[in-house]
$ cat run39.cif   # mmCIF, C-alpha atoms
data_start
#
loop_
_atom_site.label_atom_id
_atom_site.label_comp_id
_atom_site.auth_asym_id
_atom_site.auth_seq_id
_atom_site.Cartn_x
_atom_site.Cartn_y
_atom_site.Cartn_z
CA MET A 1 -13.59 13.86 -103.75
CA PRO A 2 -16.32 15.43 -101.52
CA ARG A 3 -14.23 18.61 -101.27
CA ILE A 4 -14.83 19.52 -104.93
CA PRO A 5 -18.64 20.02 -104.55
CA LEU A 6 -17.99 22.04 -101.39
CA ILE A 7 -15.47 24.24 -103.17
CA ALA A 8 -17.83 24.63 -106.13
CA ALA A 9 -20.72 25.62 -103.84
CA PHE A 10 -18.53 28.13 -101.98
CA SER A 11 -17.28 29.59 -105.27
CA LEU A 12 -20.84 29.96 -106.56
CA LEU A 13 -21.84 31.71 -103.32
CA MET A 14 -18.91 34.12 -103.63
CA LEU A 15 -19.72 34.90 -107.27
CA THR A 16 -23.36 35.49 -106.39
CA ALA A 17 -22.36 37.89 -103.61
CA CYS A 18 -19.99 39.78 -105.87
CA ALA A 19 -22.58 40.06 -108.61
CA SER A 20 -25.50 41.10 -106.43
CA ALA A 21 -27.28 44.21 -107.62
CA PRO A 22 -25.72 47.49 -106.50
CA ALA A 23 -29.06 49.13 -105.70
CA PRO A 24 -30.80 48.75 -102.34
CA LYS A 25 -33.63 46.26 -102.03
CA ALA A 26 -36.92 47.61 -103.34
CA GLY A 27 -38.76 49.97 -101.06
CA TRP A 28 -37.69 52.15 -98.20
CA ILE A 29 -37.70 50.50 -94.79
CA ASP A 30 -40.02 51.71 -92.06
CA PHE A 31 -38.06 52.06 -88.82
CA THR A 32 -41.30 51.98 -86.80
CA ALA A 33 -42.11 48.56 -88.25
CA LEU A 34 -38.83 46.84 -87.35
CA GLY A 35 -39.71 43.81 -85.24
CA PRO A 36 -38.11 42.26 -82.20
CA GLY A 37 -34.78 40.51 -82.42
CA LEU A 38 -32.08 40.88 -85.02
CA GLY A 39 -30.31 38.27 -87.05
CA THR A 40 -26.59 37.79 -86.67
CA ASN A 41 -26.01 39.51 -90.00
CA ARG A 42 -27.47 42.93 -89.14
CA ALA A 43 -27.14 45.78 -86.66
CA LEU A 44 -29.47 48.53 -85.47
CA SER A 45 -28.81 51.76 -83.62
CA CYS A 46 -32.15 53.29 -82.71
CA ALA A 47 -34.19 54.94 -79.97
CA PRO A 48 -37.39 53.33 -78.63
CA ASP A 49 -39.53 56.24 -79.87
CA ILE A 50 -38.25 55.71 -83.43
CA CYS A 51 -38.15 51.87 -83.40
CA PRO A 52 -40.88 50.92 -80.90
CA GLY A 53 -41.11 47.29 -82.03
CA ALA A 54 -37.39 46.54 -81.99
CA SER A 55 -35.98 44.82 -78.94
CA SER A 56 -32.34 44.40 -79.87
CA TYR A 57 -30.39 47.52 -80.70
CA SER A 58 -27.71 49.88 -79.50
CA ALA A 59 -28.57 53.37 -78.29
CA ALA A 60 -29.29 56.02 -80.90
CA PRO A 61 -26.75 58.82 -81.07
CA GLU A 62 -27.77 62.46 -80.78
CA PHE A 63 -25.91 65.23 -82.54
CA SER A 64 -25.79 68.94 -81.80
CA ALA A 65 -26.44 69.69 -85.45
CA SER A 66 -29.47 70.03 -87.68
CA ALA A 67 -30.77 67.07 -89.65
CA GLU A 68 -29.89 68.95 -92.86
CA THR A 69 -26.26 69.37 -91.75
CA LEU A 70 -25.97 65.67 -90.96
CA SER A 71 -27.70 64.74 -94.20
CA SER A 72 -25.22 66.81 -96.20
CA ALA A 73 -22.30 65.17 -94.39
CA ILE A 74 -23.64 61.67 -95.08
CA LEU A 75 -24.28 62.42 -98.75
CA LYS A 76 -20.74 63.78 -99.03
CA GLN A 77 -19.32 60.58 -97.51
CA GLU A 78 -21.64 58.26 -99.46
CA PRO A 79 -22.06 59.76 -102.94
CA SER A 80 -24.28 56.88 -104.15
CA ALA A 81 -26.80 57.43 -101.33
CA GLU A 82 -30.44 58.25 -102.03
CA GLN A 83 -32.38 60.66 -99.82
CA ARG A 84 -36.01 61.48 -99.23
CA VAL A 85 -37.88 63.59 -96.71
CA GLU A 86 -40.65 61.78 -94.83
CA ALA A 87 -44.10 63.32 -94.29
CA ASN A 88 -43.17 64.18 -90.66
CA GLY A 89 -39.97 65.96 -91.77
CA ASP A 90 -37.52 63.17 -90.92
CA ILE A 91 -34.75 62.65 -93.47
CA HIS A 92 -34.29 59.07 -94.70
CA ILE A 93 -31.04 58.13 -96.47
CA ARG A 94 -30.08 54.75 -97.90
CA TRP A 95 -27.15 53.28 -99.80
CA VAL A 96 -25.38 50.04 -100.58
CA ALA A 97 -22.12 49.45 -98.73
CA VAL A 98 -19.65 47.06 -100.34
CA THR A 99 -17.27 45.07 -98.16
CA PRO A 100 -13.64 45.53 -99.22
CA ALA A 101 -12.38 41.96 -99.45
CA LEU A 102 -15.21 39.85 -100.85
CA ARG A 103 -17.34 42.70 -102.28
CA PHE A 104 -20.52 41.66 -100.43
CA ARG A 105 -23.39 44.13 -100.85
CA ASP A 106 -24.95 45.36 -97.59
CA ASP A 107 -27.91 47.72 -97.27
CA VAL A 108 -27.70 50.75 -94.97
CA ASP A 109 -30.63 52.97 -93.94
CA VAL A 110 -30.31 56.12 -91.84
CA LEU A 111 -33.15 58.14 -90.36
CA LEU A 112 -32.44 61.66 -89.11
CA HIS A 113 -35.06 62.87 -86.65
CA SER A 114 -34.94 66.51 -85.58
CA VAL A 115 -35.50 66.79 -81.82
CA ASP A 116 -35.41 70.57 -82.12
CA GLY A 117 -33.83 72.88 -84.68
CA GLN A 118 -30.26 72.10 -83.60
CA THR A 119 -30.43 68.60 -82.11
CA THR A 120 -30.88 65.49 -84.24
CA ARG A 121 -31.35 61.87 -83.22
CA MET A 122 -30.08 59.33 -85.73
CA ALA A 123 -31.28 55.76 -86.32
CA VAL A 124 -29.14 53.42 -88.45
CA TYR A 125 -30.01 49.95 -89.75
CA SER A 126 -27.23 48.07 -91.54
CA ARG A 127 -27.78 44.55 -92.82
CA SER A 128 -26.10 41.98 -95.00
CA ARG A 129 -27.95 40.61 -98.00
CA ILE A 130 -26.54 37.11 -97.67
CA GLY A 131 -25.01 34.93 -95.00
CA LEU A 132 -25.86 33.95 -91.46
CA SER A 133 -23.21 36.09 -89.79
CA ASP A 134 -21.51 39.35 -90.69
CA LEU A 135 -18.69 38.88 -88.14
CA GLY A 136 -19.57 42.27 -86.66
CA THR A 137 -19.22 44.22 -89.92
CA ASN A 138 -22.60 45.97 -89.70
CA ALA A 139 -22.10 47.11 -86.10
CA ARG A 140 -18.62 48.42 -86.96
CA ARG A 141 -20.08 50.23 -89.99
CA ILE A 142 -22.58 52.02 -87.76
CA GLN A 143 -19.92 53.02 -85.21
CA ASP A 144 -17.63 54.23 -88.01
CA LEU A 145 -20.44 56.34 -89.51
CA ILE A 146 -21.19 57.92 -86.12
CA GLN A 147 -17.51 58.68 -85.54
CA ARG A 148 -17.04 60.19 -89.03
CA LEU A 149 -20.14 62.37 -88.60
CA ARG A 150 -18.95 63.63 -85.20
CA GLN A 151 -15.53 64.48 -86.67
CA GLU A 152 -16.96 66.22 -89.73
CA THR A 153 -19.69 68.19 -87.98
CA GLY A 154 -18.03 68.70 -84.60
CA ALA A 155 -21.32 67.62 -83.04
#
$ encode --input "run39.cif" --output "structure tokens"
Amino acid sequence: MPRIPLIAAFSLLMLTACASAPAPKAGWIDFTALGPGLGTNRALSCAPDICPGASSYSAAPEFSASAETLSSAILKQEPSAEQRVEANGDIHIRWVAVTPALRFRDDVDVLLHSVDGQTTRMAVYSRSRIGLSDLGTNARRIQDLIQRLRQETGA
């Protein structure tokens, strides 16, 4: 008998995840304001000069391509993505990634920082909206994005 409430609670959680809004959470994140430590349901790839307050992240990739070239490649791969140019010229892109099996909605933010005209450093923050663990999904998403961008741009 106790299994029925557990199954009902799990089913409600799954329905909530599948019905979560397709748009990113309100507001654009500020990479410089990311604090120390990350939950087990998020991943960050960033450089200390972009994310000075973060203490848990993987190294930020650099590309031998302009920020505009990378931005175009990301927007081509993620047609639902939104983009804006920051006051300092950095390009900020965000979208909602949907997991294939259970259709969980995860938020992804990318910051493209031009080191010089032809070198760009990228910061990526991918996080799940619900749950205590993502089972490595967000970190894999970041690595997959980096790999796809390198293949597409040759950078």
$ residues_near_point --input "run39.cif" --point "(-22.1, 48.1, -89.5)" --cutoff "12 Å" --atoms "only C-alpha atoms" --output "number ranges by chain"
A: 40-45, 58, 96-99, 106-110, 124-128, 134-146
$ atom_distance --input "run39.cif" --atom1 "atom CA of Ala73 of chain A" --atom2 "atom CA of Trp95 of chain A"
13.9 Å
$ resolve_selection --input "run39.cif" --expression "the PyMOL selection byres ((chain A and resi 119) around 6)" --output "PyMOL selection string"
chain A and resi 63-66+115-116+118+120
$ closest_residue --input "run39.cif" --among "A:Pro48, A:Gly27, A:Gly37, A:Gly53" --to "His92 of chain A" --atoms "only C-alpha atoms"
A:Gly27
$ axis_aligned_box --input "run39.cif" --around "segment 63-66 of chain A" --padding-each-side "3 Å" --output "JSON"
{"center_x": -27.6, "center_y": 67.6, "center_z": -84.7, "size_x": 9.7, "size_y": 10.8, "size_z": 11.9}
$ atom_distance --input "run39.cif" --atom1 "atom CA of Ser71 of chain A" --atom2 "atom CA of Ile29 of chain A"
17.4 Å
$ resolve_selection --input "run39.cif" --expression "the PyMOL selection byres ((chain A and resi 34) around 7)" --output "ChimeraX atom specification"
/A:30-33,35-36,51,53-54
$ write_last_selection --input "run39.cif" --atoms "C-alpha atoms" --output "tab-separated table (two decimals), in the frame of the given file"
chain	number	residue	atom	x	y	z
A	30	ASP	CA	-40.02	51.71	-92.06
A	31	PHE	CA	-38.06	52.06	-88.82
A	32	THR	CA	-41.30	51.98	-86.80
A	33	ALA	CA	-42.11	48.56	-88.25
A	35	GLY	CA	-39.71	43.81	-85.24
A	36	PRO	CA	-38.11	42.26	-82.20
A	51	CYS	CA	-38.15	51.87	-83.40
A	53	GLY	CA	-41.11	47.29	-82.03
A	54	ALA	CA	-37.39	46.54	-81.99
$ closest_residue --input "run39.cif" --among "A:Ile91, A:Gln147, A:Leu38, A:Thr69" --to "Ser55 of chain A" --atoms "only C-alpha atoms"
A:Leu38
$ residues_near_point --input "run39.cif" --point "(-16.8, 66.9, -93.5)" --cutoff "12 Å" --atoms "only C-alpha atoms" --output "MDAnalysis selection string"
chainID A and resid 69:78 145 147:155
$ write_last_selection --input "run39.cif" --atoms "C-alpha atoms" --output "short mmCIF file (atom, residue, chain, number, x, y, z; two decimals), in the coordinates of the input"
data_model
loop_
_atom_site.label_atom_id
_atom_site.label_comp_id
_atom_site.auth_asym_id
_atom_site.auth_seq_id
_atom_site.Cartn_x
_atom_site.Cartn_y
_atom_site.Cartn_z
CA THR A 69 -26.26 69.37 -91.75
CA LEU A 70 -25.97 65.67 -90.96
CA SER A 71 -27.70 64.74 -94.20
CA SER A 72 -25.22 66.81 -96.20
CA ALA A 73 -22.30 65.17 -94.39
CA ILE A 74 -23.64 61.67 -95.08
CA LEU A 75 -24.28 62.42 -98.75
CA LYS A 76 -20.74 63.78 -99.03
CA GLN A 77 -19.32 60.58 -97.51
CA GLU A 78 -21.64 58.26 -99.46
CA LEU A 145 -20.44 56.34 -89.51
CA GLN A 147 -17.51 58.68 -85.54
CA ARG A 148 -17.04 60.19 -89.03
CA LEU A 149 -20.14 62.37 -88.60
CA ARG A 150 -18.95 63.63 -85.20
CA GLN A 151 -15.53 64.48 -86.67
CA GLU A 152 -16.96 66.22 -89.73
CA THR A 153 -19.69 68.19 -87.98
CA GLY A 154 -18.03 68.70 -84.60
CA ALA A 155 -21.32 67.62 -83.04
#
$ closest_residue --input "run39.cif" --among "A:Ser80, A:Arg94, A:Ala87, A:Gly39" --to "Ala123 of chain A" --atoms "all atoms listed in the file"
A:Arg94
$ closest_residue --input "run39.cif" --among "A:Arg105, A:Met122, A:Glu68, A:His113" --to "Asn88 of chain A" --atoms "all atoms listed in the file"
A:His113
$ atom_distance --input "run39.cif" --atom1 "atom CA of Gly131 of chain A" --atom2 "atom CA of Leu102 of chain A"
12.4 Å
$ closest_residue --input "run39.cif" --among "A:Ile130, A:Arg103, A:Ala59, A:Ile50" --to "Asp90 of chain A" --atoms "only C-alpha atoms"
A:Ile50
$ closest_residue --input "run39.cif" --among "A:Phe104, A:Gly117, A:Leu112, A:Pro79" --to "Pro61 of chain A" --atoms "only C-alpha atoms"
A:Leu112
$ build_atoms --input "run39.cif" --residues "segment 54-73 of chain A" --atoms "N, CA and C atoms" --output "mmCIF file, in the coordinates of the input"
data_model
loop_
_atom_site.group_PDB
_atom_site.id
_atom_site.type_symbol
_atom_site.label_atom_id
_atom_site.label_comp_id
_atom_site.auth_asym_id
_atom_site.auth_seq_id
_atom_site.Cartn_x
_atom_site.Cartn_y
_atom_site.Cartn_z
ATOM 1 N N ALA A 54 -38.686 47.208 -82.055
ATOM 2 C CA ALA A 54 -37.390 46.540 -81.990
ATOM 3 C C ALA A 54 -37.010 46.278 -80.535
ATOM 4 N N SER A 55 -36.385 45.144 -80.307
ATOM 5 C CA SER A 55 -35.980 44.820 -78.940
ATOM 6 C C SER A 55 -34.476 44.660 -78.802
ATOM 7 N N SER A 56 -33.779 44.620 -79.907
ATOM 8 C CA SER A 56 -32.340 44.400 -79.870
ATOM 9 C C SER A 56 -31.645 45.471 -80.688
ATOM 10 N N TYR A 57 -31.055 46.440 -79.996
ATOM 11 C CA TYR A 57 -30.390 47.520 -80.700
ATOM 12 C C TYR A 57 -29.447 48.239 -79.753
ATOM 13 N N SER A 58 -28.550 49.024 -80.333
ATOM 14 C CA SER A 58 -27.710 49.880 -79.500
ATOM 15 C C SER A 58 -28.355 51.258 -79.456
ATOM 16 N N ALA A 59 -27.966 52.049 -78.494
ATOM 17 C CA ALA A 59 -28.570 53.370 -78.290
ATOM 18 C C ALA A 59 -28.364 54.267 -79.500
ATOM 19 N N ALA A 60 -29.357 55.083 -79.775
ATOM 20 C CA ALA A 60 -29.290 56.020 -80.900
ATOM 21 C C ALA A 60 -28.461 57.232 -80.522
ATOM 22 N N PRO A 61 -27.544 57.629 -81.385
ATOM 23 C CA PRO A 61 -26.750 58.820 -81.070
ATOM 24 C C PRO A 61 -27.544 60.096 -81.325
ATOM 25 N N GLU A 62 -27.215 61.121 -80.558
ATOM 26 C CA GLU A 62 -27.770 62.460 -80.780
ATOM 27 C C GLU A 62 -26.621 63.366 -81.158
ATOM 28 N N PHE A 63 -26.901 64.282 -82.060
ATOM 29 C CA PHE A 63 -25.910 65.230 -82.540
ATOM 30 C C PHE A 63 -26.393 66.648 -82.281
ATOM 31 N N SER A 64 -25.479 67.525 -81.950
ATOM 32 C CA SER A 64 -25.790 68.940 -81.800
ATOM 33 C C SER A 64 -25.631 69.602 -83.167
ATOM 34 N N ALA A 65 -26.458 69.175 -84.083
ATOM 35 C CA ALA A 65 -26.440 69.690 -85.450
ATOM 36 C C ALA A 65 -27.820 69.435 -86.047
ATOM 37 N N SER A 66 -28.171 70.220 -87.042
ATOM 38 C CA SER A 66 -29.470 70.030 -87.680
ATOM 39 C C SER A 66 -29.460 68.771 -88.532
ATOM 40 N N ALA A 67 -30.642 68.253 -88.802
ATOM 41 C CA ALA A 67 -30.770 67.070 -89.650
ATOM 42 C C ALA A 67 -30.218 67.354 -91.046
ATOM 43 N N GLU A 68 -30.390 68.573 -91.530
ATOM 44 C CA GLU A 68 -29.890 68.950 -92.860
ATOM 45 C C GLU A 68 -28.361 68.928 -92.899
ATOM 46 N N THR A 69 -27.725 69.398 -91.820
ATOM 47 C CA THR A 69 -26.260 69.370 -91.750
ATOM 48 C C THR A 69 -25.750 67.940 -91.768
ATOM 49 N N LEU A 70 -26.377 67.074 -90.983
ATOM 50 C CA LEU A 70 -25.970 65.670 -90.960
ATOM 51 C C LEU A 70 -26.233 64.998 -92.296
ATOM 52 N N SER A 71 -27.362 65.308 -92.895
ATOM 53 C CA SER A 71 -27.700 64.740 -94.200
ATOM 54 C C SER A 71 -26.641 65.109 -95.239
ATOM 55 N N SER A 72 -26.248 66.361 -95.262
ATOM 56 C CA SER A 72 -25.220 66.810 -96.200
ATOM 57 C C SER A 72 -23.900 66.074 -95.976
ATOM 58 N N ALA A 73 -23.543 65.878 -94.717
ATOM 59 C CA ALA A 73 -22.300 65.170 -94.390
ATOM 60 C C ALA A 73 -22.362 63.715 -94.840
#
